[in-house]
Structures are given as C-alpha cells and as structure tokens.
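Everything below belongs to work_34.txt, which stores compact mmCIF, C-alpha atoms and all ligand atoms.
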# COMPACT_ATOMS: atom_id res chain seq x y z
CA MET A 1 -0.80 17.19 -46.67
CA SER A 2 -0.39 16.96 -50.41
CA ALA A 3 -1.15 13.33 -51.21
CA PHE A 4 -1.52 12.31 -54.83
CA VAL A 5 -2.38 9.14 -56.62
CA PHE A 6 -1.96 8.13 -60.18
CA TRP A 7 -5.43 7.29 -61.44
CA LYS A 8 -5.14 4.07 -63.40
CA GLY A 9 -8.47 3.92 -65.21
CA GLU A 10 -8.89 1.91 -68.37
CA ASP A 11 -10.30 5.02 -69.98
CA LEU A 12 -8.91 7.09 -72.86
CA ILE A 13 -6.01 9.37 -72.08
CA LEU A 14 -8.24 12.45 -72.32
CA ASN A 15 -10.29 11.16 -69.39
CA LYS A 16 -7.35 10.35 -67.14
CA TYR A 17 -6.18 12.49 -64.26
CA PHE A 18 -3.68 12.67 -61.46
CA ILE A 19 -5.38 13.37 -58.16
CA CYS A 20 -3.58 15.93 -56.01
CA ASN A 21 -5.19 17.12 -52.77
CA ASN A 22 -8.52 15.80 -54.07
CA ILE A 23 -8.20 17.92 -57.21
CA LYS A 24 -8.07 16.26 -60.62
CA ILE A 25 -5.17 17.32 -62.84
CA PRO A 26 -5.64 16.23 -66.46
CA PHE A 27 -2.82 13.97 -67.65
CA ILE A 28 -1.34 16.17 -70.40
CA GLY A 29 -1.05 19.95 -70.24
CA TYR A 30 -0.73 22.28 -73.23
CA GLY A 31 2.33 24.54 -72.89
CA THR A 32 1.90 28.15 -74.00
CA TRP A 33 5.38 29.65 -73.67
CA GLN A 34 6.54 31.22 -76.95
CA LEU A 35 3.18 30.92 -78.65
CA PRO A 36 2.78 33.52 -81.38
CA GLU A 37 1.33 36.80 -80.07
CA GLY A 38 -2.27 38.04 -80.15
CA CYS A 39 -4.91 36.45 -82.39
CA GLU A 40 -2.59 33.62 -83.40
CA ALA A 41 -2.14 32.67 -79.73
CA ILE A 42 -5.90 32.75 -79.21
CA ASN A 43 -6.35 30.46 -82.23
CA CYS A 44 -3.67 28.03 -80.99
CA ILE A 45 -5.36 27.83 -77.59
CA LYS A 46 -8.78 27.34 -79.15
CA ASN A 47 -7.34 24.61 -81.38
CA ALA A 48 -5.73 22.94 -78.37
CA ILE A 49 -9.01 22.95 -76.45
CA SER A 50 -10.94 21.73 -79.49
CA VAL A 51 -8.65 18.71 -79.98
CA GLY A 52 -9.08 17.78 -76.33
CA TYR A 53 -6.58 19.52 -74.04
CA LYS A 54 -8.25 20.22 -70.68
CA HIS A 55 -5.13 21.54 -69.01
CA ILE A 56 -3.24 24.69 -70.01
CA ASP A 57 0.08 25.90 -68.65
CA THR A 58 0.85 29.61 -68.60
CA ALA A 59 2.72 32.19 -66.51
CA SER A 60 2.60 35.95 -66.11
CA TYR A 61 5.95 35.92 -67.96
CA TYR A 62 4.63 34.18 -71.10
CA GLY A 63 2.22 36.93 -72.12
CA THR A 64 -0.46 34.34 -72.95
CA GLU A 65 -2.83 34.77 -69.99
CA GLU A 66 -5.04 37.27 -71.82
CA SER A 67 -5.29 35.02 -74.89
CA ILE A 68 -6.25 32.06 -72.72
CA GLY A 69 -8.95 34.14 -71.01
CA ILE A 70 -10.37 35.20 -74.38
CA ALA A 71 -10.24 31.65 -75.81
CA ILE A 72 -12.05 30.14 -72.81
CA GLU A 73 -14.68 32.87 -72.86
CA GLU A 74 -15.29 32.69 -76.61
CA MET A 75 -15.50 28.90 -76.54
CA ASN A 76 -17.90 29.05 -73.60
CA ILE A 77 -15.96 26.41 -71.67
CA LYS A 78 -17.45 25.46 -68.30
CA ARG A 79 -15.07 26.47 -65.54
CA ASP A 80 -14.73 22.97 -64.11
CA GLU A 81 -13.89 21.53 -67.53
CA ILE A 82 -10.56 23.29 -67.85
CA PHE A 83 -7.49 23.24 -65.59
CA ILE A 84 -5.34 26.38 -65.69
CA THR A 85 -1.86 26.85 -64.22
CA SER A 86 -0.13 30.21 -63.90
CA LYS A 87 3.05 31.37 -62.16
CA VAL A 88 4.46 34.39 -60.36
CA TRP A 89 7.56 35.77 -62.11
CA ASN A 90 10.94 36.49 -60.50
CA ASP A 91 10.49 40.30 -60.41
CA ASP A 92 7.39 39.86 -58.26
CA ARG A 93 8.79 37.72 -55.45
CA GLY A 94 7.85 38.62 -51.86
CA TYR A 95 4.43 38.69 -50.17
CA ASP A 96 2.86 41.94 -51.43
CA LYS A 97 4.16 41.80 -55.00
CA THR A 98 3.07 38.19 -55.33
CA ILE A 99 -0.49 39.01 -54.27
CA LYS A 100 -0.59 41.88 -56.78
CA SER A 101 0.82 39.72 -59.55
CA PHE A 102 -1.74 36.99 -58.82
CA GLU A 103 -4.57 39.55 -59.00
CA LYS A 104 -3.32 40.72 -62.42
CA SER A 105 -3.10 37.13 -63.69
CA ILE A 106 -6.56 36.08 -62.54
CA LYS A 107 -8.01 39.22 -64.14
CA LYS A 108 -6.28 38.61 -67.47
CA LEU A 109 -7.43 35.00 -67.40
CA LYS A 110 -11.01 36.19 -66.64
CA LEU A 111 -11.32 33.52 -63.95
CA ASN A 112 -12.64 33.53 -60.40
CA TYR A 113 -10.02 31.01 -59.27
CA ILE A 114 -6.82 29.55 -60.69
CA ASP A 115 -6.41 25.77 -60.51
CA LEU A 116 -2.67 25.72 -59.88
CA TYR A 117 -0.40 28.65 -59.07
CA LEU A 118 3.38 28.30 -58.87
CA ILE A 119 6.48 30.24 -57.87
CA HIS A 120 8.19 30.30 -61.29
CA TRP A 121 11.83 30.17 -60.09
CA PRO A 122 13.28 30.06 -56.57
CA ALA A 123 15.44 32.89 -55.26
CA ASP A 124 18.89 31.32 -54.87
CA ILE A 125 21.75 31.90 -52.45
CA ASN A 126 24.12 32.76 -55.32
CA LYS A 127 22.18 35.93 -56.07
CA TYR A 128 20.28 36.67 -52.86
CA PRO A 129 21.86 36.29 -49.37
CA ASP A 130 18.30 36.30 -47.93
CA TRP A 131 17.02 33.75 -50.48
CA GLU A 132 15.27 31.64 -47.85
CA ASP A 133 13.27 34.58 -46.50
CA ILE A 134 12.34 35.68 -50.03
CA ASN A 135 11.07 32.22 -50.96
CA LYS A 136 9.19 31.88 -47.68
CA SER A 137 7.45 35.24 -48.03
CA THR A 138 6.45 34.48 -51.65
CA TRP A 139 5.18 31.10 -50.44
CA ARG A 140 3.15 32.73 -47.62
CA ALA A 141 1.30 34.75 -50.26
CA LEU A 142 0.44 31.56 -52.16
CA VAL A 143 -0.74 29.92 -48.93
CA ASP A 144 -3.01 32.87 -48.11
CA LEU A 145 -4.47 32.89 -51.63
CA TYR A 146 -5.02 29.14 -51.33
CA LYS A 147 -6.75 29.57 -47.97
CA SER A 148 -9.00 32.24 -49.43
CA LYS A 149 -9.96 29.69 -52.14
CA LYS A 150 -8.62 31.78 -55.01
CA ILE A 151 -6.33 28.88 -55.93
CA LYS A 152 -7.10 25.14 -55.82
CA LEU A 153 -3.49 23.91 -55.67
CA ILE A 154 -0.22 25.69 -54.93
CA GLY A 155 3.31 24.75 -55.80
CA VAL A 156 6.70 25.71 -57.13
CA SER A 157 8.73 25.42 -60.30
CA ASN A 158 12.44 24.82 -60.86
CA PHE A 159 13.00 24.14 -57.16
CA LYS A 160 16.00 21.93 -56.33
CA ILE A 161 16.11 19.94 -53.09
CA LYS A 162 17.79 22.78 -51.14
CA HIS A 163 14.97 25.16 -52.13
CA LEU A 164 12.26 22.60 -51.37
CA ARG A 165 13.73 21.88 -47.94
CA THR A 166 13.11 25.47 -46.84
CA LEU A 167 9.36 25.09 -47.52
CA ILE A 168 8.91 21.55 -46.31
CA ASP A 169 8.42 22.62 -42.68
CA GLN A 170 5.78 25.21 -43.57
CA GLU A 171 2.14 24.90 -42.54
CA ILE A 172 1.23 23.96 -46.12
CA VAL A 173 3.89 22.40 -48.30
CA PRO A 174 4.18 22.65 -52.11
CA MET A 175 1.83 20.25 -53.86
CA VAL A 176 3.52 20.41 -57.28
CA ASN A 177 7.04 21.06 -58.59
CA GLN A 178 7.24 21.88 -62.31
CA ILE A 179 10.76 21.14 -63.53
CA GLU A 180 12.73 20.64 -66.72
CA TYR A 181 12.28 16.95 -67.44
CA HIS A 182 12.84 15.05 -70.67
CA PRO A 183 14.94 12.15 -71.93
CA GLY A 184 18.56 12.90 -71.00
CA PHE A 185 17.64 15.22 -68.13
CA ILE A 186 15.55 13.42 -65.55
CA GLN A 187 16.71 15.13 -62.32
CA SER A 188 16.33 11.87 -60.36
CA ASP A 189 17.40 13.46 -57.07
CA VAL A 190 14.70 16.14 -57.27
CA VAL A 191 12.05 13.72 -58.53
CA ASP A 192 12.80 11.19 -55.74
CA PHE A 193 12.67 13.94 -53.12
CA CYS A 194 9.33 15.13 -54.50
CA LYS A 195 7.89 11.62 -54.53
CA GLU A 196 9.04 11.03 -50.93
CA ASN A 197 7.30 14.25 -49.91
CA ASN A 198 4.09 13.76 -51.92
CA ILE A 199 4.91 16.56 -54.34
CA LEU A 200 3.59 15.89 -57.83
CA VAL A 201 6.15 16.52 -60.59
CA GLU A 202 5.35 18.19 -63.90
CA ALA A 203 7.68 18.12 -66.91
CA TRP A 204 8.44 21.32 -68.75
CA SER A 205 10.02 21.01 -72.20
CA PRO A 206 9.16 17.31 -72.51
CA PHE A 207 10.73 17.48 -76.01
CA ALA A 208 13.81 19.39 -74.81
CA PHE A 209 12.82 22.30 -77.07
CA GLY A 210 12.75 19.84 -79.99
CA LYS A 211 16.21 18.28 -79.35
CA VAL A 212 14.69 14.85 -78.59
CA PHE A 213 13.74 14.42 -82.23
CA LYS A 214 17.41 13.95 -83.16
CA ASN A 215 18.29 11.42 -80.44
CA ASP A 216 19.36 7.98 -81.78
CA VAL A 217 17.87 5.94 -78.90
CA LEU A 218 14.51 7.64 -79.45
CA ILE A 219 14.74 7.34 -83.23
CA ASN A 220 15.21 3.55 -82.83
CA LEU A 221 12.33 3.26 -80.34
CA SER A 222 10.14 5.27 -82.68
CA LYS A 223 10.85 2.69 -85.43
CA LYS A 224 10.26 -0.23 -83.04
CA TYR A 225 6.84 1.01 -81.88
CA ASN A 226 5.94 2.69 -85.17
CA ARG A 227 5.05 5.81 -83.19
CA PRO A 228 6.49 9.34 -83.47
CA ILE A 229 9.16 10.34 -80.96
CA SER A 230 6.75 12.91 -79.52
CA GLN A 231 4.41 10.11 -78.41
CA ILE A 232 7.26 7.98 -77.04
CA CYS A 233 8.33 10.96 -74.86
CA ILE A 234 4.80 11.75 -73.62
CA LYS A 235 4.09 8.11 -72.80
CA TRP A 236 7.45 7.73 -71.03
CA CYS A 237 6.75 10.83 -68.88
CA LEU A 238 3.38 9.44 -67.79
CA ASP A 239 4.88 6.00 -67.17
CA ASN A 240 7.20 7.74 -64.71
CA ASN A 241 4.12 9.39 -63.08
CA ILE A 242 5.09 12.84 -64.31
CA ILE A 243 2.74 15.25 -66.08
CA PRO A 244 4.04 16.34 -69.51
CA LEU A 245 3.40 19.89 -70.77
CA PRO A 246 4.13 19.79 -74.52
CA LYS A 247 3.88 22.97 -76.59
CA ALA A 248 2.93 22.93 -80.26
CA ASN A 249 1.73 25.58 -82.69
CA SER A 250 0.07 23.39 -85.29
CA ILE A 251 -3.15 21.50 -84.71
CA GLU A 252 -1.56 18.38 -86.26
CA LYS A 253 1.22 18.34 -83.66
CA MET A 254 -1.26 19.13 -80.87
CA ARG A 255 -3.29 16.09 -81.90
CA GLU A 256 -0.24 13.90 -82.28
CA ASN A 257 0.87 14.74 -78.75
CA LEU A 258 -2.45 13.53 -77.32
CA ASP A 259 -2.74 10.40 -79.43
CA ILE A 260 -1.06 7.97 -77.06
CA ASP A 261 -3.84 5.48 -76.41
CA ASN A 262 -3.41 1.98 -77.76
CA PHE A 263 0.29 1.51 -77.19
CA MET A 264 2.46 0.63 -74.21
CA LEU A 265 6.20 1.03 -73.71
CA GLU A 266 7.94 -2.11 -72.48
CA SER A 267 9.55 -1.61 -69.06
CA ASP A 268 13.06 -2.26 -70.52
CA ASP A 269 12.48 0.58 -72.99
CA ILE A 270 11.32 2.94 -70.21
CA LEU A 271 14.62 2.16 -68.43
CA LYS A 272 16.53 2.66 -71.69
CA ILE A 273 15.05 6.16 -72.03
CA ASN A 274 15.78 6.87 -68.35
CA LYS A 275 19.45 6.12 -69.11
CA ILE A 276 19.88 8.31 -72.22
CA THR A 277 23.18 10.13 -71.68
CA ASP A 278 22.76 13.00 -74.17
CA LYS A 279 21.66 15.64 -71.64
CA MET A 280 19.82 18.01 -74.01
CA PHE A 281 19.74 20.34 -70.98
CA SER A 282 18.51 23.92 -71.46
CA GLY A 283 21.36 25.21 -69.28
CA TRP A 284 18.94 26.95 -66.95
CA ASP A 285 19.99 26.12 -63.43
CA PRO A 286 18.29 28.16 -60.67
CA SER A 287 21.73 28.71 -59.05
CA THR A 288 23.17 30.41 -62.13
CA ILE A 289 20.29 31.94 -64.11
CA ASP A 290 20.52 35.70 -64.53
CA PHE A 291 16.80 36.37 -64.96
N1 LIG A 301 8.38 26.42 -65.48
C1 LIG A 301 9.30 26.79 -66.33
O1 LIG A 301 10.30 27.41 -65.99
C2 LIG A 301 9.13 26.45 -67.78
C3 LIG A 301 10.20 26.63 -68.67
C4 LIG A 301 10.02 26.28 -70.01
C5 LIG A 301 8.80 25.77 -70.44
N2 LIG A 301 7.75 25.64 -69.54
C6 LIG A 301 6.42 25.11 -69.99
O2 LIG A 301 6.61 23.90 -70.72
C7 LIG A 301 6.00 24.04 -72.01
C8 LIG A 301 6.73 23.21 -73.05
O3 LIG A 301 8.09 23.53 -73.12
P1 LIG A 301 8.79 24.14 -74.42
O4 LIG A 301 7.83 24.99 -75.12
O5 LIG A 301 10.04 24.74 -73.96
O6 LIG A 301 9.26 22.92 -75.28
P2 LIG A 301 8.79 21.47 -75.75
O7 LIG A 301 7.34 21.26 -75.55
O8 LIG A 301 9.76 20.52 -75.16
O9 LIG A 301 9.12 21.55 -77.31
C9 LIG A 301 8.46 22.43 -78.15
C10 LIG A 301 9.04 22.21 -79.54
O10 LIG A 301 8.66 20.89 -80.01
C11 LIG A 301 7.94 21.05 -81.23
N3 LIG A 301 6.89 20.03 -81.28
C12 LIG A 301 5.79 19.94 -80.51
N4 LIG A 301 5.09 18.83 -80.82
C13 LIG A 301 5.75 18.22 -81.81
C14 LIG A 301 5.52 17.06 -82.57
N5 LIG A 301 4.46 16.27 -82.33
N6 LIG A 301 6.42 16.72 -83.54
C15 LIG A 301 7.49 17.50 -83.78
N7 LIG A 301 7.77 18.62 -83.10
C16 LIG A 301 6.91 18.98 -82.12
C17 LIG A 301 7.36 22.43 -81.21
O11 LIG A 301 7.15 22.87 -82.52
P3 LIG A 301 6.17 24.11 -82.88
O12 LIG A 301 6.32 25.12 -81.82
O13 LIG A 301 6.63 24.54 -84.21
O14 LIG A 301 4.80 23.56 -82.94
C18 LIG A 301 8.49 23.21 -80.53
O15 LIG A 301 9.53 23.49 -81.45
C19 LIG A 301 6.08 25.56 -72.27
O16 LIG A 301 5.24 25.97 -73.31
C20 LIG A 301 5.69 26.09 -70.92
O17 LIG A 301 4.29 26.01 -70.75
C21 LIG A 301 7.91 25.96 -68.23
Could you rewrite the structure in this file as structure tokens?
Ligand SMILES: NC(=O)c1ccc[n+]([C@@H]2O[C@H](COP(=O)([O-])OP(=O)(O)OC[C@H]3O[C@@H](n4cnc5c(N)ncnc54)[C@H](OP(=O)(O)O)[C@@H]3O)[C@@H](O)[C@H]2O)c1
Amino acid sequence: MSAFVFWKGEDLILNKYFICNNIKIPFIGYGTWQLPEGCEAINCIKNAISVGYKHIDTASYYGTEESIGIAIEEMNIKRDEIFITSKVWNDDRGYDKTIKSFEKSIKKLKLNYIDLYLIHWPADINKYPDWEDINKSTWRALVDLYKSKKIKLIGVSNFKIKHLRTLIDQEIVPMVNQIEYHPGFIQSDVVDFCKENNILVEAWSPFAFGKVFKNDVLINLSKKYNRPISQICIKWCLDNNIIPLPKANSIEKMRENLDIDNFMLESDDILKINKITDKMFSGWDPSTIDF
C-alpha cells in the first residue's frame, strides 16, 4: 500500500517533506535534464546541493547520473541526506533489460540504493500490441529490485489512467507518477486517479520549459505578490500537493526556486492558476511519442 501524507510542519521549505511509504521525499527536486555536459554539470549539481536542494531528479537518458555520483562523492554528502530519483529508458523495457539498466545507473551514481526508481515512459497500444505485458514485465523488475532493498520507492512516469490501471492490480502498485504538470496543463484526470489510489504526483517541467514566464495571468500574480513567476509556480504546485522538479543552470535561479518561505497564495489565486487556458503543453503524449 502506497499511502502518503503531506507533512504540514511550520518549518522552512528546505525541511519539509512528503511522506510516501514511510520514506521522506524532500519538497522540491532539482531537475537535471539538459544540464550542460561534464564538469559544468558537476558544478551545477554541487551548486544545487550547496544552496539547499536535497532531492535530485535524473534518468539514464539524461546523461547526468555520473556527474551526480561525482558531485555527491566530492561533497561528502551523507547518504541519508540526499534523495535521488532515476528512471529506466524506453529502449530498456522488459524484465532483464530493466535490471541491467538499473545496475548501470546505480553504479554511475556510486550509490548502494536509489531512493526512487521510475519507468520513464509507458509502452503504449499505438506502438506495441503487447503494451500491457511489456509494462508489467518492466514493473516486475522494479518490484524485485524494491524487494531486494536496492530501491526505497518505485513508480512510473508519464503514465495515463489506462497505463496505471494495468498495474493497479499488481502485488505492489506504483507509489509515484511523475508527469508533465504546470499552469495550463494540469492533467486533472490523471492527478485525481493518482490521488484516489495513493500515488504521489511529481511535476516535470513546472515552468513549461520557460513558457510560463510569458503568461499574462502569472505576470499579474507576480506583480500582486511581488514574487517572481518561478516562485508562484513552485508554491502553486506544492499547494496542490504535487512535488515540483525545477531545472536551472545558474545558482541565482536555483536559489530563487527554493525561496518560497514567507508568502502564501490566496485560494482564489490557486484556482485562477488551475484554470489558465494557455496549455503550454510540450506535445509529448505517451500515445503518440516516437521515442
Ligand atoms: N519524466 C519525464 O519524462 C521528464 C520530462 C521532462 C523533464 N523532466 C524532469 O523535470 C525537470 C524540469 O523540467 P525542464 O527542465 O523541462 O523544464 P522547467 O524546469 O520547466 O524549465 C526550465 C527552464 O526554466 C528556466 N528557469 C529555471 N528557473 C528559473 C527562474 N527562477 N527564472 C527564470 N527562468 C528559470 C531554465 O533556465 P536555465 O536552464 O537557463 O537555468 C530553463 O530554461 C527536468 O530537468 C527533469 O529532471 C522529466
């Protein structure tokens, strides 16, 4: 059973967590997709950790696992003070390939367990007639790795309701679903289904790849609260009990994205953001993607 609660402490944002299956997930994760390569990536990750991020999102596909491993090692971070997510890529679906891919990831990360491991994208009926079997066999690999304590939490990413339904009758159900979620694209059907089934939702591209910064509703709210749009979006995500995973290269933006203590969004404004009609959608639907 994957129960989670939103931990409503009075503490600073950096000390707040969601609790999922008795595991603490720090409120805001640092996204590492499209970080610059090599040393620059290592520096970005070190900067992120130094300004306070305790939660880092990666994937075998991003090419940042090695840099994260080096940054954690060089900064001498205690294992239980950092929460790391990685994901199995689409080319590695199925039981055996998933296990092999996991072993490569954990080695690159230089860890002895991964906090959260996800299926990056579901196999879909449009491309694979046996999509359900593929997803189930990938999931079985995650369950076995979880049982052998190599992973603390297991879940999926980009799963729509039809994909989730095929795993909901399994011995262990997904604990997390990481989906595209930002103003204009809130996937209410998926989020409601996840909440009904105790699946914690994480938001990828909380800034819609930067498109949110040009939205008029958000520009006006930014003026009203005298806070940057980035902070309005992060706060709004958390107010909807969803974990934001912002990515930023510069230390100034990293800091800005964490600096959300000392202001509250009014409930009418949360609803106003929920109703933004400019979709700002990436266009990546698991039924039509060609990767
Ligand atoms: N599961 C999946 O399929 C999936 C898919 C996509 C992403 N993700 C995860 O989600 C993370 C975030 O998504 P994302 O990278 O697509 O986009 P994002 O976080 O929505 O937006 C990143 C863009 O916003 C800019 N930015 C960041 N902070 C800012 C600030 N305070 N003020 C102004 N601009 C700011 C960044 O600029 P700079 O880069 O110049 O700093 C970058 O251009 C990824 O890194 C990855 O970990 C997962």
What residues of the protein or nucleic acid chains come within 6 Å of ligand LIG 301 (chain A) when you use all atoms listed in the file? Reply as a list of chain:residue names. A:Gly31, A:Thr32, A:Trp33, A:Asp57, A:Thr58, A:His120, A:Ser157, A:Gln178, A:Trp204, A:Ser205, A:Pro206, A:Phe207, A:Ala208, A:Phe209, A:Gly210, A:Ser230, A:Leu245, A:Pro246, A:Lys247, A:Ala248, A:Asn249, A:Ser250, A:Lys253, A:Glu256, A:Asn257
Export, as a PDB file, in the coordinates of the input, the selected residues with C-alpha atoms.
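File written: out.pdb
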ATOM      1  CA  GLY A  31       2.330  24.540 -72.890  1.00  0.00           C
ATOM      2  CA  THR A  32       1.900  28.150 -74.000  1.00  0.00           C
ATOM      3  CA  TRP A  33       5.380  29.650 -73.670  1.00  0.00           C
ATOM      4  CA  ASP A  57       0.080  25.900 -68.650  1.00  0.00           C
ATOM      5  CA  THR A  58       0.850  29.610 -68.600  1.00  0.00           C
ATOM      6  CA  HIS A 120       8.190  30.300 -61.290  1.00  0.00           C
ATOM      7  CA  SER A 157       8.730  25.420 -60.300  1.00  0.00           C
ATOM      8  CA  GLN A 178       7.240  21.880 -62.310  1.00  0.00           C
ATOM      9  CA  TRP A 204       8.440  21.320 -68.750  1.00  0.00           C
ATOM     10  CA  SER A 205      10.020  21.010 -72.200  1.00  0.00           C
ATOM     11  CA  PRO A 206       9.160  17.310 -72.510  1.00  0.00           C
ATOM     12  CA  PHE A 207      10.730  17.480 -76.010  1.00  0.00           C
ATOM     13  CA  ALA A 208      13.810  19.390 -74.810  1.00  0.00           C
ATOM     14  CA  PHE A 209      12.820  22.300 -77.070  1.00  0.00           C
ATOM     15  CA  GLY A 210      12.750  19.840 -79.990  1.00  0.00           C
ATOM     16  CA  SER A 230       6.750  12.910 -79.520  1.00  0.00           C
ATOM     17  CA  LEU A 245       3.400  19.890 -70.770  1.00  0.00           C
ATOM     18  CA  PRO A 246       4.130  19.790 -74.520  1.00  0.00           C
ATOM     19  CA  LYS A 247       3.880  22.970 -76.590  1.00  0.00           C
ATOM     20  CA  ALA A 248       2.930  22.930 -80.260  1.00  0.00           C
ATOM     21  CA  ASN A 249       1.730  25.580 -82.690  1.00  0.00           C
ATOM     22  CA  SER A 250       0.070  23.390 -85.290  1.00  0.00           C
ATOM     23  CA  LYS A 253       1.220  18.340 -83.660  1.00  0.00           C
ATOM     24  CA  GLU A 256      -0.240  13.900 -82.280  1.00  0.00           C
ATOM     25  CA  ASN A 257       0.870  14.740 -78.750  1.00  0.00           C
TER      26      ASN A 257
END
Determine the nearest neighbour of Ile125 (chain A) from the options A:Ile19, A:Ala71, A:Lys162, A:Ile28, counting all atoms listed in the file. A:Lys162
What's around Met280 (chain A) at 7 Å? Count all atoms listed in the file, leave out sequence neighbours fewer than 5 positions away in its own chain, and write the answer as a count of residues only. 4
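The residue that comes closest to Ala59 (chain A), out of A:Lys100, A:Lys235, A:Lys87, A:Lys223 and on the basis of only C-alpha atoms, is A:Lys87.
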Restrict the calculation to all atoms listed in the file, then for each residue of region 65-114 of chain A with any atom at most 12 Å from an atom of region 36-43 of chain A give the closest atom pair and their distance in Å to one decimal, rows by chain and rising residue number, as a tab-separated table.
residue	atom	partner	partner_atom	distance
A:Glu65	CA	A:Ile42	CA	9.9
A:Glu66	CA	A:Ile42	CA	8.7
A:Ser67	CA	A:Ile42	CA	4.9
A:Ile68	CA	A:Ile42	CA	6.5
A:Gly69	CA	A:Ile42	CA	8.9
A:Ile70	CA	A:Ile42	CA	7.0
A:Ala71	CA	A:Ile42	CA	5.6
A:Ile72	CA	A:Ile42	CA	9.3
A:Glu73	CA	A:Ile42	CA	10.8
A:Glu74	CA	A:Ile42	CA	9.7
A:Met75	CA	A:Ile42	CA	10.7
Go ahead and dump the residues you just picked, C-alpha atoms, as a CSV table (one decimal), in the frame of the given file.
chain,number,residue,atom,x,y,z
A,65,GLU,CA,-2.8,34.8,-70.0
A,66,GLU,CA,-5.0,37.3,-71.8
A,67,SER,CA,-5.3,35.0,-74.9
A,68,ILE,CA,-6.2,32.1,-72.7
A,69,GLY,CA,-9.0,34.1,-71.0
A,70,ILE,CA,-10.4,35.2,-74.4
A,71,ALA,CA,-10.2,31.6,-75.8
A,72,ILE,CA,-12.0,30.1,-72.8
A,73,GLU,CA,-14.7,32.9,-72.9
A,74,GLU,CA,-15.3,32.7,-76.6
A,75,MET,CA,-15.5,28.9,-76.5
Between CA of Ile82 (chain A) and CA of Asn47 (chain A) lies a distance of 14.0 Å
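Residues lying within 10 Å of Arg93 (chain A), counting all atoms listed in the file and ignoring same-chain neighbours fewer than 2 positions away, are Val88, Trp89, Asn90, Asp91, Tyr95, Asp96, Lys97, Thr98, Ile99, Ser101, Ile119, His120, Trp121, Pro122, Ala123, Ile134, Asn135, Lys136, Ser137, Thr138, Trp139 and Ala141 of chain A.
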When you get a chance, write out N, CA and C atoms for region 16-28 of chain A, as a PDB file, in the frame of the given file.
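Contents of the output file out_22.pdb:
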ATOM      1  N   LYS A  16      -8.169  10.777 -68.286  1.00  0.00           N
ATOM      2  CA  LYS A  16      -7.350  10.350 -67.140  1.00  0.00           C
ATOM      3  C   LYS A  16      -6.777  11.558 -66.412  1.00  0.00           C
ATOM      4  N   TYR A  17      -6.631  11.385 -65.110  1.00  0.00           N
ATOM      5  CA  TYR A  17      -6.180  12.490 -64.260  1.00  0.00           C
ATOM      6  C   TYR A  17      -5.212  11.984 -63.204  1.00  0.00           C
ATOM      7  N   PHE A  18      -4.358  12.876 -62.735  1.00  0.00           N
ATOM      8  CA  PHE A  18      -3.680  12.670 -61.460  1.00  0.00           C
ATOM      9  C   PHE A  18      -4.564  13.325 -60.408  1.00  0.00           C
ATOM     10  N   ILE A  19      -4.611  12.746 -59.232  1.00  0.00           N
ATOM     11  CA  ILE A  19      -5.380  13.370 -58.160  1.00  0.00           C
ATOM     12  C   ILE A  19      -4.383  13.956 -57.159  1.00  0.00           C
ATOM     13  N   CYS A  20      -4.512  15.242 -56.913  1.00  0.00           N
ATOM     14  CA  CYS A  20      -3.580  15.930 -56.010  1.00  0.00           C
ATOM     15  C   CYS A  20      -4.442  16.743 -55.046  1.00  0.00           C
ATOM     16  N   ASN A  21      -4.349  16.422 -53.754  1.00  0.00           N
ATOM     17  CA  ASN A  21      -5.190  17.120 -52.770  1.00  0.00           C
ATOM     18  C   ASN A  21      -6.675  17.100 -53.163  1.00  0.00           C
ATOM     19  N   ASN A  22      -7.132  15.982 -53.628  1.00  0.00           N
ATOM     20  CA  ASN A  22      -8.520  15.800 -54.070  1.00  0.00           C
ATOM     21  C   ASN A  22      -8.905  16.587 -55.312  1.00  0.00           C
ATOM     22  N   ILE A  23      -7.923  17.175 -55.972  1.00  0.00           N
ATOM     23  CA  ILE A  23      -8.200  17.920 -57.210  1.00  0.00           C
ATOM     24  C   ILE A  23      -7.683  17.097 -58.379  1.00  0.00           C
ATOM     25  N   LYS A  24      -8.480  17.027 -59.455  1.00  0.00           N
ATOM     26  CA  LYS A  24      -8.070  16.260 -60.620  1.00  0.00           C
ATOM     27  C   LYS A  24      -7.197  17.125 -61.541  1.00  0.00           C
ATOM     28  N   ILE A  25      -6.026  16.617 -61.867  1.00  0.00           N
ATOM     29  CA  ILE A  25      -5.170  17.320 -62.840  1.00  0.00           C
ATOM     30  C   ILE A  25      -5.115  16.491 -64.116  1.00  0.00           C
ATOM     31  N   PRO A  26      -5.663  17.010 -65.219  1.00  0.00           N
ATOM     32  CA  PRO A  26      -5.640  16.230 -66.460  1.00  0.00           C
ATOM     33  C   PRO A  26      -4.215  15.851 -66.871  1.00  0.00           C
ATOM     34  N   PHE A  27      -4.101  14.632 -67.367  1.00  0.00           N
ATOM     35  CA  PHE A  27      -2.820  13.970 -67.650  1.00  0.00           C
ATOM     36  C   PHE A  27      -1.810  14.791 -68.449  1.00  0.00           C
ATOM     37  N   ILE A  28      -2.284  15.474 -69.507  1.00  0.00           N
ATOM     38  CA  ILE A  28      -1.340  16.170 -70.400  1.00  0.00           C
ATOM     39  C   ILE A  28      -1.736  17.640 -70.456  1.00  0.00           C
TER      40      ILE A  28
END
